[in-house]
Every structure is written in structure tokens, then in C-alpha cells.
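*Asks:* The structure is given below, and queries will be raised subsequently.
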Amino acid sequence: MDFDRRILPYYMTYPGPYGTRREDTVIRDMEYLQQMYPLEVKRYQRRVASVLDRMDYEGSMIYDEYPDRFSLERMAKNIVAILQREEKEAAVENPTPPEKWVWLQDLILVLLYNEVYKRRHGGRRGIIQF
């Protein structure tokens, strides 16, 4: 009997989440699903990515083991302020009602969390353009 062979548990012999490429698969799935975002959400995602590009440096708080929640929320508020300013400058015919901006801030915060996750785990920056 050959004792040098290593016996793997049964669950590691099947393809799936226990493989070495699980994280790559998660990032790839996230990027694929981002392609299906509605146009307006894609615009918000691009804005979030552009703001995070400035925050993406060695030692940045987005790479902390536990990023500060309040700093991320402040960053989301700043992104919403940028979007509001862009809307005013564009002189949109049907401006966004004020109560919708509260809801959009939550959406921007979720997009920000997703983008930070991607950057922390080696995903591509921003949204994939086709």
C-alpha cells in the first residue's frame, strides 16, 4: 500500500465552490450581471467607479480589513451630490424628485460596496463596456 498518496475528502473531488477558482468565478459572475444593469444604474456604477479610482491606492481605507462604514456612507453621499450637480448642469427636462434622491443614495451605497468588494478581490475596475 502506498502511503504517499493523499486522500481528498469527497466534496473536494467535485467541481464547484471548493475549487481554487471560486473567487474568480464570483467576480466573473458579478461582472456579467453588471452588464445587465439598467442604463441609469450603469451610469451610476460608472460614477462610483470613477470616484473609487481616486481612492484606489496602496494603504487606502477601502483595503482595510474592516473598512469604516461611516466613511463609505459619506463617500456615497458625495457621489449623490455629484450626480445631483450633473443633473442641474444638464438642465434635465424632468428633474429627479427630492424624495427619490434618498432612495438613490441607498442604491449608490450598494453599488459602492460591490465595487469595493471587486477591487479588494482582484476584479476589473468599473463596469464592463460592450
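Going through the C-alpha cells in order, the chains are called A, B, and so on, while each chain numbers its residues from 1 and the ligands are numbered from 1 in the order shown.
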Name the residues in contact with stretch 45-52 of chain A at a cut-off of 9 Å, using only C-alpha atoms, excluding same-chain residues fewer than 4 positions from it; report them as a list in words.
*Replies:* Gln34, Glu40, Val41, Asp56, Ile62, Met75, Ala76, Ile79, Ile82, Leu83, Ile108, Leu111, Leu112, Glu115, Val116, Arg125, Gly126 and Ile127 of chain A
*Asks:* Stretch 92-119 of chain A near stretch 23-32 of chain A within 10 Å: what's each residue's closest atom pair and its distance in Å to one decimal, counting only C-alpha atoms, ordered by chain then ascending residue number, as a Markdown table?
*Replies:*
| residue | atom | partner | partner_atom | distance |
| --- | --- | --- | --- | --- |
| A:Asn114 | CA | A:Met30 | CA | 8.7 |
| A:Glu115 | CA | A:Met30 | CA | 9.9 |
| A:Tyr117 | CA | A:Ile27 | CA | 9.0 |
| A:Lys118 | CA | A:Ile27 | CA | 6.6 |
| A:Arg119 | CA | A:Ile27 | CA | 9.8 |
*Asks:* Could you work out how far atom CA of A:Gln105 lies from atom CA of A:Val80, giving the answer in Å with one decimal?
*Replies:*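 Atom CA of A:Gln105 lies 6.2 Å from atom CA of A:Val80.
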*Asks:* To one decimal in Å, tell me the separation between atom CA of A:Leu109 and atom CA of A:Leu72.
*Replies:* 7.6 Å
*Asks:* How far is it from atom CA of A:Val110 to atom CA of A:Pro38, in Å with one decimal?
*Replies:* 15.0 Å
